[in-house]
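*Asks:* Before we start, here is the structure in question, set down as structure tokens.
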Amino acid sequence: MKRKVCIVPIMLIIIVMLIGGCTSNEAEGPVVLTVWHDKEQPIIDVLVEALKNLEPEIVVQFEKKNGLTEALKLVGNNPNAAPDMYFFAHDKIGVYAEMGILAAITDFLDASELDALVPITVESATYKETVYQLPLYFETLLFMYNKEWVTDVEVLRDTDSLLMHMEKAKRMGRFGFVEQHSNAYYAAGWVHGFGATILEASGEPKLNSEEMKAAMTYHKRFVSFMPGESEYATVNTLFREGKADMTIGGPWMVPTLRAAGIDLGLAVMPIISQTGKPLAPYTGVQGIHVLKVSADSKADEIKTVLTALIQPEVGKNIALASGSAPANEKAYEADDIKNDDMVMMMRATAENSVPMPNVPEMDVMWTVMTNMLVEINMSGKSIDETVESAQKKALELISNMK
Amino acid sequence: MSKPRINQKIMPYILSAPSLLLISLIIVFPILYTFYISLTNMNVYNWFTFTFVGLRNYSRALFVFDAGFITAMGTTVVWTVVNMVLQLSIAFIMASFLGVKQLRFRKVYKTILMFPWAMPGYVSILLWKTGIFNVQFGLLNQWLSRFGIEGFMWLSNNVSAFVSSVIVNLWLALPFMIMIMDGALQSIDKSYYESAQLDGANWLDQMWHITMPSIKSIIGPAVIITVFTTFKQFDVIYLLTQQAGGKTGANIHTILTYAYENAFITNNYGYSSAISILIFLFLIAFSLLTRVKLRDNSKI
């Protein structure tokens with residue numbers, strides 16, 4: 001009897017929950033838009049502040065997602081699990097566009113509204129003539145130096161001087177310059193400085209070009225004066241602890257360096273003495289992408305959100321919070337931005353840099369290029385043979401993508 | 001008369017049904033789904049519109065089993081054998097020491113020895129990589145520098161990277177093996193040893209004729225589980241030497257790290273699933289072989 005008494009309320013609760021689950025969700029209330037991201041909180045705070053005015057009709061929820069790119073592959077077309085938008089770099093656009101989960105930004109904003117943005121950002125966000133991202137800011141690697149060891153006047157303008165400085169510093173038991181020498185993202189600056197490219201816009205790898213061989217040969221001379229390990233933690237720590245005079249790093253390093261008491265200087269990338277061109281690292285354009293699953297059902301709300309985010313004020317505030325360069329040209333008219341050395345240096349460097357390819361083939365090139373660098377710089381393999389086998393491997397993997 | 005007999009037949013199935021259902025959901029369904037995907041052209045270009053392509057992915061997958069794969073297979077076998085031999089020997093020695101009655105604070109030592117097992121593997125591996133093996137800041141090179149010896153790049157050549165990976169794997173795996181070995185040793189009736197001593201058996205005789213046969217049946221399943229865990233290990237070698245952005249220059253590959261670099265990064269799920277299924281079949285065959293071998297041994 002006691003058991004029956006317990007079962008009755010449990011059954012009632014289940015029935016009520018089931019009925020509750022069956023009710024229509026078209027009840028009046030705010031439209032909630034979910035945005036997945038992988039960004040630092042100060043940047044998200046700027047967006048939250050900018051979108052506060054849209055409440056209570058539209059509520060935008062930002063969710064930090066680990067493994068965002070893989071999660072989107074799994075649930076990108078599932079209306080119950082996918083976000084409405086995501087905030088990420090432009091280099092995955094080709095993958096998601098081919099998968100068919102992205103909506104064009106021009107479905108929500110007039111193409112003329114994008115004219116207010118720095119051209120390189122819109123070009124980066126375009127895949128097969130469709131713009132899939134609303135660019136908010138762009139970032140690239142910066143040439144950084146520790147003013148304790150290198151004065152503003154002494155900052156090296158070309159790579160031959162840099163090499164001499166590295167030799168001298170090594171004799172003194174220091175590192176003149178450190179970088180993640182065997183990482184494709186960081187080494188790309190040297191590659192582009194020699195006129196070589198990792199992947200053509202058409203998706204064709206170009207690892208065995210003469211320019212690439214020249215870049216690898218020249219770059220290796222610098223590697224011999226750097227620490228054997230080239231991972232982020234080692235390079236960052238050497239510079240942060242004042243054991244290295246100069247480095248190449250992203251704006252994300254700046255807050256920790258300043259907090260560590262490093263008297264940080266920023267300079268434009270040095271000119272490669274052999275080619276007369278500066279190091280030209282990759283640029284990443286960060287922005288909002290809209291998923292197709294929400295494009296129709298929440299079109300008006302998405303349009304309102306994108307219109308709010310394209311405003312110069314948003315770009316300006318993100319730049320001040322993160323040190324990156326705003327995508328909106330008008331943001332540069334603000335005095336805060338004009339007087340911010342880091343933001344202006346970022347823009348100057350980014351204009352000489354190369355946007356990361358956004359074609360799907362780039363997904364495999366990171367691994368192939370990094371393996372090639374490791375074999376040349378760390379395993380001491382022959383450059384000619386390594387670039388040829390890397391090119392072969394790249395073609396094989398790209399063919400296996402299909 | 002027949003009713004209880006039917007109940008006897010059906011009852012075990014009814015009782016084990018919940019576990020079987022759970023196993024089906026967690027283990028069998030993913031395997032079947034992977035097999036299904038392996039028969040399709042699911043890739044970036046046909047992500048949601050994939051179609052059935054028969055065994056085409058399997059014929060392509062066989063190309064990944066090239067010379068590099070054979071080398072990786074050899075490395076995997078050596079990796080498994082070295083790890084198993086060391087794990088069993090060290091665990092046996094440690095468990096024997098822990099069994100010494102005169103040893104004070106035995107329980108404290110046992111608790112401390114379990115510590116690596118309680119830590120997430122990912123954290124342990126990265127701690128070893130940056131805290132111990134790092135050329136600039138690692139503990140090993142700090143010690144060497146105290147003696148005026150130049151730092152060594154532990155993870156940059158194949159031999160030292162392999163040895164370093166084995167050490168890390170031992171750190172991760174030993175607690176489990178010590179626990180099993182300790183339990184097995186504790187379960188042996190002490191009167192066997194007393195009788196053997198009265199018969200004049202020395203330490204080696206006792207070990208060979210009492211300890212080994214007694215613990216074999218207990219540690220057998222643990223050894224089989226560990227062999228498979230070690231054989232299909234990915235994290236230790238990958239995180240120590242091949243992690244994106246942290247490659248060290250060593251070129252040691254197990255079959256899984258090799259398959260990852262040569263198939264999984266292509267985002268071609270049909271093709272990658274075919275490779276996974278082939279590796280799975282290989283492991284099943286290996287498992288059957290091990291079972292047959294163990295059964296033969298038990299008959300002897």
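Going by the structure tokens order, chains are called A, B, ..., each with residues numbered from 1, while ligands are numbered from 1 in the order shown.
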Mind running segment 357-400 of chain A against segment 76-100 of chain A at 8 Å and telling me each contacting residue's nearest atom pair with the distance in Å (one decimal), counting only C-alpha atoms, chain and number ascending, as CSV?
*Replies:*
```
residue,atom,partner,partner_atom,distance
A:Pro357,CA,A:Asp91,CA,6.0
A:Asn358,CA,A:Asp91,CA,4.2
A:Val359,CA,A:Gly94,CA,4.5
A:Pro360,CA,A:Val95,CA,4.6
```
*Asks:* How close does each residue of chain A get to chain B, giving the shortest atom pair and distance in Å to one decimal for every residue with an atom at most 6 Å away, counting only C-alpha atoms, sorted by chain and residue number, as a Markdown table?
*Replies:*
```
| residue | atom | partner | partner_atom | distance |
| --- | --- | --- | --- | --- |
| A:Glu98 | CA | B:Tyr45 | CA | 5.4 |
| A:Met99 | CA | B:Trp47 | CA | 5.3 |
| A:Asn183 | CA | B:Gly245 | CA | 5.7 |
| A:Glu231 | CA | B:Gly246 | CA | 4.6 |
| A:Val374 | CA | B:Gly249 | CA | 5.6 |
| A:Met378 | CA | B:Gly249 | CA | 5.2 |
| A:Ser379 | CA | B:Gly249 | CA | 5.4 |
| A:Met401 | CA | B:Thr266 | CA | 4.9 |
```
*Asks:* I need the chosen residues saved as a JSON list (two decimals), in the first residue's frame, with C-alpha atoms.
*Replies:*
```json
[["chain", "number", "residue", "atom", "x", "y", "z"],
["A", 98, "GLU", "CA", 31.28, 23.24, -48.15],
["A", 99, "MET", "CA", 29.47, 21.37, -45.39],
["A", 183, "ASN", "CA", 55.25, 25.92, -36.35],
["A", 231, "GLU", "CA", 56.60, 25.34, -28.48],
["A", 374, "VAL", "CA", 60.25, 20.01, -37.88],
["A", 378, "MET", "CA", 64.88, 19.88, -35.77],
["A", 379, "SER", "CA", 65.64, 16.55, -37.41],
["A", 401, "MET", "CA", 39.67, 14.75, -48.31]]
```
*Asks:* Between atom CA of Ile272 of chain A and atom CA of Leu162 of chain A, what is the spacing in Å?
*Replies:*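 Atom-to-atom, atom CA of Leu162 of chain A to atom CA of Ile272 of chain A, that is 9.7 Å.
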*Asks:* Find the spatial neighbours of Arg106 of chain B, counting only C-alpha atoms, within a cut-off of 12 Å - ignore same-chain residues fewer than 5 positions away - and output them as a PyMOL selection string.
*Replies:* chain B and resi 94-101+111-113+182
*Asks:* Env of Thr307 of chain A: 9 Å cut, atoms = only C-alpha atoms, seq-sep filter 4 positions within chain, self excluded. Answer as a list of chain:residue names.
*Replies:* A:Phe108, A:Leu109, A:Ile302, A:Lys303, A:Gln311
*Asks:* Give me, as a PyMOL selection string, the residues of segment 126-272 of chain B that a backbone DSSP run labels helix (DSSP H, G or I).
*Replies:* chain B and resi 126-133+139-146+158-186+190-198+203-231+235-242+255-262+264-266+269-272
*Asks:* Those residues with C-alpha atoms, as an mmCIF file, in the first residue's frame please?
*Replies:*
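Once everything was written out, this is part_28.cif:
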```cif
data_model
loop_
_atom_site.group_PDB
_atom_site.id
_atom_site.type_symbol
_atom_site.label_atom_id
_atom_site.label_comp_id
_atom_site.auth_asym_id
_atom_site.auth_seq_id
_atom_site.Cartn_x
_atom_site.Cartn_y
_atom_site.Cartn_z
ATOM 1 C CA LEU B 126 51.961 17.785 -20.084
ATOM 2 C CA LEU B 127 53.478 18.151 -16.617
ATOM 3 C CA TRP B 128 56.142 15.637 -17.558
ATOM 4 C CA LYS B 129 56.719 17.353 -20.879
ATOM 5 C CA THR B 130 57.133 20.871 -19.532
ATOM 6 C CA GLY B 131 58.244 20.180 -15.978
ATOM 7 C CA ILE B 132 60.693 17.333 -16.472
ATOM 8 C CA PHE B 133 61.804 17.015 -20.108
ATOM 9 C CA LEU B 139 64.002 19.408 -13.963
ATOM 10 C CA LEU B 140 66.335 16.923 -15.682
ATOM 11 C CA ASN B 141 68.366 19.616 -17.435
ATOM 12 C CA GLN B 142 68.363 21.767 -14.296
ATOM 13 C CA TRP B 143 70.026 18.881 -12.483
ATOM 14 C CA LEU B 144 72.510 18.354 -15.324
ATOM 15 C CA SER B 145 73.426 22.042 -15.293
ATOM 16 C CA ARG B 146 74.232 21.810 -11.553
ATOM 17 C CA ASN B 158 63.670 8.776 -31.496
ATOM 18 C CA VAL B 159 65.467 6.682 -28.864
ATOM 19 C CA SER B 160 65.383 9.179 -26.000
ATOM 20 C CA ALA B 161 61.817 10.208 -26.892
ATOM 21 C CA PHE B 162 60.745 6.551 -26.833
ATOM 22 C CA VAL B 163 62.415 5.986 -23.460
ATOM 23 C CA SER B 164 60.850 9.184 -22.095
ATOM 24 C CA SER B 165 57.419 8.083 -23.335
ATOM 25 C CA VAL B 166 57.860 4.695 -21.661
ATOM 26 C CA ILE B 167 58.740 6.398 -18.370
ATOM 27 C CA VAL B 168 55.633 8.584 -18.536
ATOM 28 C CA ASN B 169 53.478 5.613 -19.427
ATOM 29 C CA LEU B 170 54.887 3.673 -16.468
ATOM 30 C CA TRP B 171 54.041 6.587 -14.194
ATOM 31 C CA LEU B 172 50.470 6.503 -15.478
ATOM 32 C CA ALA B 173 49.955 2.755 -15.599
ATOM 33 C CA LEU B 174 51.871 1.389 -12.614
ATOM 34 C CA PRO B 175 49.295 2.243 -9.913
ATOM 35 C CA PHE B 176 46.727 -0.054 -11.538
ATOM 36 C CA MET B 177 49.195 -2.904 -11.959
ATOM 37 C CA ILE B 178 50.605 -2.483 -8.419
ATOM 38 C CA MET B 179 47.084 -2.575 -6.996
ATOM 39 C CA ILE B 180 46.224 -5.776 -8.870
ATOM 40 C CA MET B 181 49.573 -7.365 -8.048
ATOM 41 C CA ASP B 182 49.272 -6.408 -4.377
ATOM 42 C CA GLY B 183 45.792 -7.949 -4.203
ATOM 43 C CA ALA B 184 47.028 -11.099 -5.919
ATOM 44 C CA LEU B 185 49.987 -11.491 -3.560
ATOM 45 C CA GLN B 186 47.823 -10.856 -0.506
ATOM 46 C CA LYS B 190 50.793 -18.147 3.758
ATOM 47 C CA SER B 191 50.722 -21.794 4.814
ATOM 48 C CA TYR B 192 51.990 -22.756 1.326
ATOM 49 C CA TYR B 193 55.202 -20.880 1.974
ATOM 50 C CA GLU B 194 55.574 -22.342 5.458
ATOM 51 C CA SER B 195 55.220 -25.883 4.072
ATOM 52 C CA ALA B 196 57.647 -25.125 1.263
ATOM 53 C CA GLN B 197 60.202 -23.770 3.726
ATOM 54 C CA LEU B 198 59.865 -26.928 5.813
ATOM 55 C CA TRP B 203 63.184 -18.112 -2.363
ATOM 56 C CA LEU B 204 63.352 -18.839 -6.095
ATOM 57 C CA ASP B 205 61.565 -22.196 -5.697
ATOM 58 C CA GLN B 206 58.802 -20.550 -3.685
ATOM 59 C CA MET B 207 58.466 -17.828 -6.272
ATOM 60 C CA TRP B 208 58.343 -20.226 -9.203
ATOM 61 C CA HIS B 209 56.154 -22.946 -7.734
ATOM 62 C CA ILE B 210 53.854 -21.013 -5.369
ATOM 63 C CA THR B 211 53.720 -17.287 -6.113
ATOM 64 C CA MET B 212 53.631 -17.380 -9.922
ATOM 65 C CA PRO B 213 50.946 -20.064 -10.335
ATOM 66 C CA SER B 214 48.839 -18.471 -7.597
ATOM 67 C CA ILE B 215 48.786 -14.948 -9.022
ATOM 68 C CA LYS B 216 48.562 -15.934 -12.710
ATOM 69 C CA SER B 217 44.805 -16.306 -12.807
ATOM 70 C CA ILE B 218 44.277 -13.017 -10.925
ATOM 71 C CA ILE B 219 46.623 -10.818 -12.916
ATOM 72 C CA GLY B 220 45.746 -12.509 -16.261
ATOM 73 C CA PRO B 221 42.708 -10.311 -17.074
ATOM 74 C CA ALA B 222 44.538 -7.179 -15.891
ATOM 75 C CA VAL B 223 47.455 -8.015 -18.176
ATOM 76 C CA ILE B 224 45.127 -8.530 -21.150
ATOM 77 C CA ILE B 225 43.362 -5.221 -20.483
ATOM 78 C CA THR B 226 46.689 -3.402 -20.126
ATOM 79 C CA VAL B 227 48.112 -5.005 -23.279
ATOM 80 C CA PHE B 228 45.210 -3.608 -25.272
ATOM 81 C CA THR B 229 45.277 -0.224 -23.588
ATOM 82 C CA THR B 230 48.991 0.022 -24.332
ATOM 83 C CA PHE B 231 48.642 -1.274 -27.878
ATOM 84 C CA ASP B 235 47.900 10.230 -25.808
ATOM 85 C CA VAL B 236 51.372 9.618 -24.319
ATOM 86 C CA ILE B 237 53.371 9.578 -27.555
ATOM 87 C CA TYR B 238 51.182 12.172 -29.293
ATOM 88 C CA LEU B 239 51.216 14.723 -26.484
ATOM 89 C CA LEU B 240 54.891 14.284 -25.675
ATOM 90 C CA THR B 241 56.259 14.446 -29.206
ATOM 91 C CA GLN B 242 53.642 15.342 -31.812
ATOM 92 C CA ILE B 255 49.475 2.775 -35.462
ATOM 93 C CA LEU B 256 46.987 5.247 -34.036
ATOM 94 C CA THR B 257 49.177 8.366 -34.236
ATOM 95 C CA TYR B 258 50.120 7.321 -37.762
ATOM 96 C CA ALA B 259 46.488 6.830 -38.791
ATOM 97 C CA TYR B 260 45.625 10.195 -37.201
ATOM 98 C CA GLU B 261 48.239 12.087 -39.229
ATOM 99 C CA ASN B 262 47.479 10.263 -42.433
ATOM 100 C CA PHE B 264 41.796 11.606 -39.574
ATOM 101 C CA ILE B 265 43.011 15.160 -40.288
ATOM 102 C CA THR B 266 41.470 14.962 -43.771
ATOM 103 C CA TYR B 269 34.858 10.512 -42.087
ATOM 104 C CA GLY B 270 34.054 7.682 -44.508
ATOM 105 C CA TYR B 271 37.726 7.064 -45.192
ATOM 106 C CA SER B 272 38.797 7.530 -41.541
#
```
*Asks:* Restricting the calculation to only C-alpha atoms, which member of A:Val285, A:Met212, A:Leu136, A:Met372 is positioned closest to Val46 of chain A?
*Replies:*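 That would be A:Leu136, the residue with the smallest distance to Val46 of chain A.
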*Asks:* In Å, rounded to a single decimal, give me how far atom CA of Thr349 of chain A is from atom CA of Lys206 of chain A.
*Replies:*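 Those two atoms sit 24.1 Å apart.
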*Asks:* Residues at most 12 Å from Arg258 of chain A, counting only C-alpha atoms, excluding those fewer than 5 positions away in the same chain, as a list in words?
*Replies:*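 Here the qualifying residues turn out to be Met144, Asn146, Phe239, Arg240, Glu241, Gly242, Pro251, Trp252, Met253, Asp263, Leu264 and Gly265 of chain A.
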*Asks:* So the first atom is atom CA of Ser322 of chain A and the second is atom CA of Asp115 of chain A; what is the distance between them in Å, to one decimal place?
*Replies:*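 The value is 23.8 Å.
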